[in-house]
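Everything on this sheet refers to the single structure shown next.
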Amino acid sequence: IHTHLNTLQDFFQLRSKIQKHKITVDDHIHPDKKIILNISFYIQFYQNFESLILLVNNFNEEISKNSHIKLIKNSEDLNSDFKLGLIYHLESARIIANPHDQIKQLNQLGFKGIIPVHFIDNCYGNSCDDFTRRLKLKATDSGLSGQGKELVEICNEFDMWLDLSHATDKTSTDILKLAKHVVASHVGFRGIKDFKRNISLEVAKEIAHKGGLIGIIPWTHLIPSDESGHSTVIEFGLKHNLEKALCIGTDFGAPIKTHKSNQSILDIASKLERDFPKYSDRILWKNAFSFYQKVFSE
């Protein structure tokens with residue numbers, strides 16, 4: 001449920017040069033299976049909302065040329081015939097200055113979710129990755145701001161989900177109290193690896209209680225780094241009765257390090273089918289598809 005735009009088309013040229021990490025569309029197309037990807041649009045720190053709109057319009061024009069790819073904007077699209085379906089979300093709301101009008105515009109373009117905070121605190125809330133907090137120069141976690149609560153209300157109005165990835169504990173709990181739809185799209189569990197970027201079991205259970213999704217990431221910084229690390233995290237979630245919320249959040253396209261056996265969505269799918277035959281269908285597609293059906297039908 002979370003992969004980056006440049007896994008499909010190299011619009012982020014500077015980002016790609018620095019990260020040297022790119023996966024092509026071919027890695028996501030299976031000859032016998034329909035695949036839906038939740039695509040993250042990440043805007044560089046020197047860019048703004050207008051840059052995002054230009055990027056989205058360019059990308060929409062590009063994918064319209066490919067008969068395999070379908071932009072999913074409603075229930076009809078979700079249930080139509082395609083090989084690769086795309087659902088958009090925004091990674092960081094920091095470029096949003098006029099929430100109601102700009103979120104409405106994004107929603108019309110096909111966006112169904114927002115990660116309110118990314119690597120730094122912004123006017124909407126606190127980030128667990130903020131360098132001042134990670135260096136323990138800033139201890140306060142004030143959670144959602146007044147503007148952040150307004151952002152959540154607007155997302156509720158347009159039936160868009162809020163993504164807790166990168167949020168602090170207080171920001172996460174504040175969002176969980178207010179949001180209609182919630183996911184944590186690319187995380188691990190602190191019960192396996194105690195890292196602030198991962199979510200606590202309490203937050204995970206509340207996401208599941210709200211009918212949300214928890215995308216387990218293959219990034220070895222957040223999970224055990226051996227070949228069975230990804231499965232270990234999924235097993236932890238199953239042990240704690242989260243089977244209806246679990247799915248896969250790859251974060252492919254970001255500067256991540258994964259085990260050599262987790263280089264594509266199809267690698268991960270094969271391992272899930274091998275390690276969790278009873279739950280693989282649920283984790284690979286049923287949970288996320290049910291969630292999308294709910295969001296789009298409302």
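Identifiers for the structure tokens are assigned positionally: chains receive A, B, ... in sequence, residues are indexed from 1 per chain, and ligands are indexed from 1 in the order shown.
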
Handout entry: Residues within 8 Å of Gly85 in chain A, only C-alpha atoms, excluding chain neighbours under 2 positions, as a PyMOL selection string
Key = chain A and resi 34-37+69-72+78+82-83+87

Practice task
Name the residues of range 147-234 of chain A that fall into strand (DSSP E or B) according to DSSP on the backbone, using the chain letters and numbers of this document, as a ChimeraX atom specification.
Solution key: /A:161-163,167,182-187,189,199,213-216,219

Output of the above residues as an mmCIF file, in the first residue's frame, restricted to C-alpha atoms:
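Result file is again-v8.cif:
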data_model
loop_
_atom_site.group_PDB
_atom_site.id
_atom_site.type_symbol
_atom_site.label_atom_id
_atom_site.label_comp_id
_atom_site.auth_asym_id
_atom_site.auth_seq_id
_atom_site.Cartn_x
_atom_site.Cartn_y
_atom_site.Cartn_z
ATOM 1 C CA TRP A 161 -7.412 8.472 4.951
ATOM 2 C CA LEU A 162 -4.758 9.814 7.322
ATOM 3 C CA ASP A 163 -1.466 7.931 7.391
ATOM 4 C CA ALA A 167 4.017 10.568 13.179
ATOM 5 C CA VAL A 182 -6.585 5.598 9.193
ATOM 6 C CA VAL A 183 -3.593 3.613 7.944
ATOM 7 C CA ALA A 184 0.046 3.191 8.882
ATOM 8 C CA SER A 185 1.283 2.465 5.392
ATOM 9 C CA HIS A 186 4.935 1.504 5.865
ATOM 10 C CA VAL A 187 5.958 0.533 9.387
ATOM 11 C CA PHE A 189 6.279 -3.074 15.254
ATOM 12 C CA ILE A 199 4.297 1.728 15.849
ATOM 13 C CA LEU A 213 -4.479 -0.918 7.494
ATOM 14 C CA ILE A 214 -0.956 -1.617 8.743
ATOM 15 C CA GLY A 215 1.558 -1.975 5.904
ATOM 16 C CA ILE A 216 4.567 -4.039 6.992
ATOM 17 C CA TRP A 219 13.209 -2.002 5.201
#

Practice task
Write out as a VMD selection string which residues come within 10 Å of Gly110 in chain A when counting only C-alpha atoms, dropping same-chain ones fewer than 2 positions away.
Solution key: chain A and resid 56 60 71 to 74 86 to 89 105 to 108 112 to 113

For range 128-181 of chain A against range 95-99 of chain A, with a cut-off of 10 Å and counting only C-alpha atoms, what is the closest atom pair and its distance in Å to one decimal for every residue that makes the cut, ordered by chain and number, as a tab-separated table?
residue	atom	partner	partner_atom	distance
A:Gln147	CA	A:Pro99	CA	8.9
A:Gly148	CA	A:Pro99	CA	9.8
A:Glu150	CA	A:Pro99	CA	8.2
A:Leu151	CA	A:Pro99	CA	6.4
A:Val152	CA	A:Pro99	CA	9.8
A:Ile154	CA	A:Pro99	CA	7.4
A:Cys155	CA	A:Pro99	CA	9.2

Completion exercise
Here CA of Ile103 in chain A and CA of Met160 in chain A stand apart by 9.3 Å

Practice task
Could you check which of A:Leu246, A:Ala288, A:Ile43, A:Cys128 is closest to Ala93 in chain A, using only C-alpha atoms?
Solution key: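 Looking at the shortest contact to Ala93 in chain A, the residue is A:Ile43.
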
Leu201 in chain A: which residues within 8 Å, counting only C-alpha atoms, same-chain residues fewer than 2 positions away excluded, as a PDB file with N, CA and C atoms, in the first residue's frame?
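File result-v4.pdb, as written:
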ATOM      1  N   PHE A 189       6.808  -3.105  13.887  1.00  0.00           N
ATOM      2  CA  PHE A 189       6.279  -3.074  15.254  1.00  0.00           C
ATOM      3  C   PHE A 189       7.412  -2.893  16.255  1.00  0.00           C
ATOM      4  N   ARG A 190       7.191  -2.028  17.235  1.00  0.00           N
ATOM      5  CA  ARG A 190       8.204  -1.835  18.281  1.00  0.00           C
ATOM      6  C   ARG A 190       8.413  -3.091  19.108  1.00  0.00           C
ATOM      7  N   GLY A 191       7.417  -3.961  19.132  1.00  0.00           N
ATOM      8  CA  GLY A 191       7.577  -5.220  19.858  1.00  0.00           C
ATOM      9  C   GLY A 191       8.617  -6.127  19.242  1.00  0.00           C
ATOM     10  N   ILE A 199       5.462   1.419  15.030  1.00  0.00           N
ATOM     11  CA  ILE A 199       4.297   1.728  15.849  1.00  0.00           C
ATOM     12  C   ILE A 199       4.198   0.779  17.034  1.00  0.00           C
ATOM     13  N   VAL A 203      -1.155   1.406  19.390  1.00  0.00           N
ATOM     14  CA  VAL A 203      -1.563   2.138  18.187  1.00  0.00           C
ATOM     15  C   VAL A 203      -2.035   1.163  17.112  1.00  0.00           C
ATOM     16  N   ALA A 204      -1.313   0.059  16.953  1.00  0.00           N
ATOM     17  CA  ALA A 204      -1.691  -0.939  15.946  1.00  0.00           C
ATOM     18  C   ALA A 204      -3.097  -1.475  16.198  1.00  0.00           C
ATOM     19  N   LYS A 205      -3.401  -1.770  17.452  1.00  0.00           N
ATOM     20  CA  LYS A 205      -4.726  -2.315  17.785  1.00  0.00           C
ATOM     21  C   LYS A 205      -5.819  -1.279  17.546  1.00  0.00           C
TER      22      LYS A 205
END

Problem - Option closest in space to Glu235 in chain A, from A:Asp275, A:Asp169, A:Glu50, A:Asp77 [counting only C-alpha atoms] - result: A:Asp275

Handout entry: Nearest-residue call for Ile268 in chain A, choices A:His2, A:Lys193, A:His230, A:Lys210, using only C-alpha atoms
Key =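 Closest to Ile268 in chain A of all the choices is A:His230.
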
Handout entry: Selection near Ser75 in chain A, 7 Å with only C-alpha atoms, sequence-local residues under 6 positions removed, as a ChimeraX atom specification
Key = /A:293,296-297

Practice task
Mind checking which residues fall within 9 Å of Lys244 in chain A, counting only C-alpha atoms, ignoring those fewer than 5 positions away in the same chain, and posting them as a PyMOL selection string?
Solution key: chain A and resi 208+211-213+238+282-283+286-287

Just the selected residues (N, CA and C atoms), exported as a PDB file, in the first residue's frame, please.
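Saved the output as again-v4.pdb:
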ATOM      1  N   ALA A 208      -6.518  -1.171  13.841  1.00  0.00           N
ATOM      2  CA  ALA A 208      -7.336  -2.326  13.480  1.00  0.00           C
ATOM      3  C   ALA A 208      -8.783  -2.135  13.933  1.00  0.00           C
ATOM      4  N   GLY A 211     -10.810  -0.243  11.605  1.00  0.00           N
ATOM      5  CA  GLY A 211     -10.923  -0.822  10.265  1.00  0.00           C
ATOM      6  C   GLY A 211      -9.841  -0.364   9.320  1.00  0.00           C
ATOM      7  N   GLY A 212      -8.698   0.080   9.867  1.00  0.00           N
ATOM      8  CA  GLY A 212      -7.609   0.585   9.037  1.00  0.00           C
ATOM      9  C   GLY A 212      -6.616  -0.479   8.624  1.00  0.00           C
ATOM     10  N   LEU A 213      -5.501  -0.028   8.026  1.00  0.00           N
ATOM     11  CA  LEU A 213      -4.479  -0.918   7.494  1.00  0.00           C
ATOM     12  C   LEU A 213      -3.121  -0.650   8.123  1.00  0.00           C
ATOM     13  N   LEU A 238       0.135 -11.271  13.514  1.00  0.00           N
ATOM     14  CA  LEU A 238      -0.855 -12.344  13.565  1.00  0.00           C
ATOM     15  C   LEU A 238      -1.045 -12.840  14.998  1.00  0.00           C
ATOM     16  N   ARG A 282      -5.225 -12.800   2.486  1.00  0.00           N
ATOM     17  CA  ARG A 282      -5.726 -11.679   3.293  1.00  0.00           C
ATOM     18  C   ARG A 282      -4.701 -10.557   3.341  1.00  0.00           C
ATOM     19  N   ILE A 283      -3.439 -10.900   3.596  1.00  0.00           N
ATOM     20  CA  ILE A 283      -2.397  -9.891   3.748  1.00  0.00           C
ATOM     21  C   ILE A 283      -2.029  -9.259   2.408  1.00  0.00           C
ATOM     22  N   LYS A 286      -6.792  -9.024   0.267  1.00  0.00           N
ATOM     23  CA  LYS A 286      -8.166  -8.921   0.775  1.00  0.00           C
ATOM     24  C   LYS A 286      -8.348  -7.765   1.746  1.00  0.00           C
ATOM     25  N   ASN A 287      -7.410  -7.598   2.687  1.00  0.00           N
ATOM     26  CA  ASN A 287      -7.544  -6.521   3.670  1.00  0.00           C
ATOM     27  C   ASN A 287      -7.545  -5.157   2.999  1.00  0.00           C
TER      28      ASN A 287
END
